[in-house]
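Read through the structure below, which is laid out as structure tokens, and then see the notes.
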Amino acid sequence: MVSVDLLSSLDGLIWLQSGSKVGALFQQHQTTVSRNQKKCAQVFGITVSKNKNKWDAHGDLILLQLERQVHQVARLQGKSRLRIEVNGWLDNPHFNPPPSGWIAGSANKLSDPHGIQCLKQHIVDACLCPLTDLPVESQDLATIPLDITSEAGLVVLQKNEYQEHILDLRDKLKQI
């Protein structure tokens, strides 16, 4: 097990692709983010590196994935704030500030499925994205259309679709 701060630093870097964004979102100094993600990677025996302007983890990621699942269950139980990738809608008044119990971030990678990848890896708990960005093989995902734009939807892991905090977020966003 690693602490919330250590895993948040590593996962935040992979999610947001910027140490300064991670620091701002998780209220840590950028040097703390760097130190924490290195410690976390060391615990799992993996490396985190930037290749072609994209941060990613390398090595045997099985233990990291299991740890992410444990931390996600804790977030869904209300033990820490849930995470939503808002895919460029960060300045939207509905996410600034984010809904109660959530933190909102955006990697600003609107042309690729980065947010969906973070969702599938248990780094984020929900993803607001254009429905056209969904991969064909999305049987494990649940999509909730929204009226923010005609193309936008809230995407969550199917197994979490009826979890209380997800339902609350869905209801808030459907009122928009």
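Going through the structure tokens in order, the chains are called A, B, and so on, while each chain numbers its residues from 1 and the ligands are numbered from 1 in the order shown.
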
Inset, instruction - Taking the chain letters and numbering used in this document, name the residues of segment 6-96 of chain A that DSSP puts in alpha helix (DSSP H), as a PyMOL selection string. - result: chain A and resi 6-16+19-26+30-44+62-76

Legend entry - Of the listed residues A:Leu25, A:Leu90, A:Leu167, A:Val43, that which approaches Leu154 of chain A most closely, counting only C-alpha atoms: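 Ranked by minimum distance to Leu154 of chain A, first place goes to A:Leu167.
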
Legend entry - d(atom CA of Gly19 of chain A, atom CA of Ser34 of chain A) in Å: 7.1 Å

Inset, instruction - Excluding Leu128 of chain A and any residue of its chain fewer than 3 positions from it, enumerate the residues within 8 Å of it, using only C-alpha atoms, and give them as a count of residues only. - result: 8

Legend entry - Best match for closeness to Arg81 of chain A among A:Gln139, A:Asn53, A:Ser100, A:Gln17, counting only C-alpha atoms: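 With only C-alpha atoms as the atom set, the closest residue is A:Ser100.
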
Inset, instruction - Please provide as a PyMOL selection string all residues within 12 Å of Ser138 of chain A, with the sequence filter that same-chain residues fewer than 4 positions apart are discarded (counting only C-alpha atoms). - result: chain A and resi 113+116-117+119-120+131+133-134+142-143+155-158

Inset, instruction - Grab the atom CA of Ala126 of chain A to atom CA of Leu82 of chain A distance for me, in Å with one decimal place. - result: 8.3 Å

Legend entry - Those in chain A with strand (DSSP E or B) from DSSP, as a count of residues only: 34
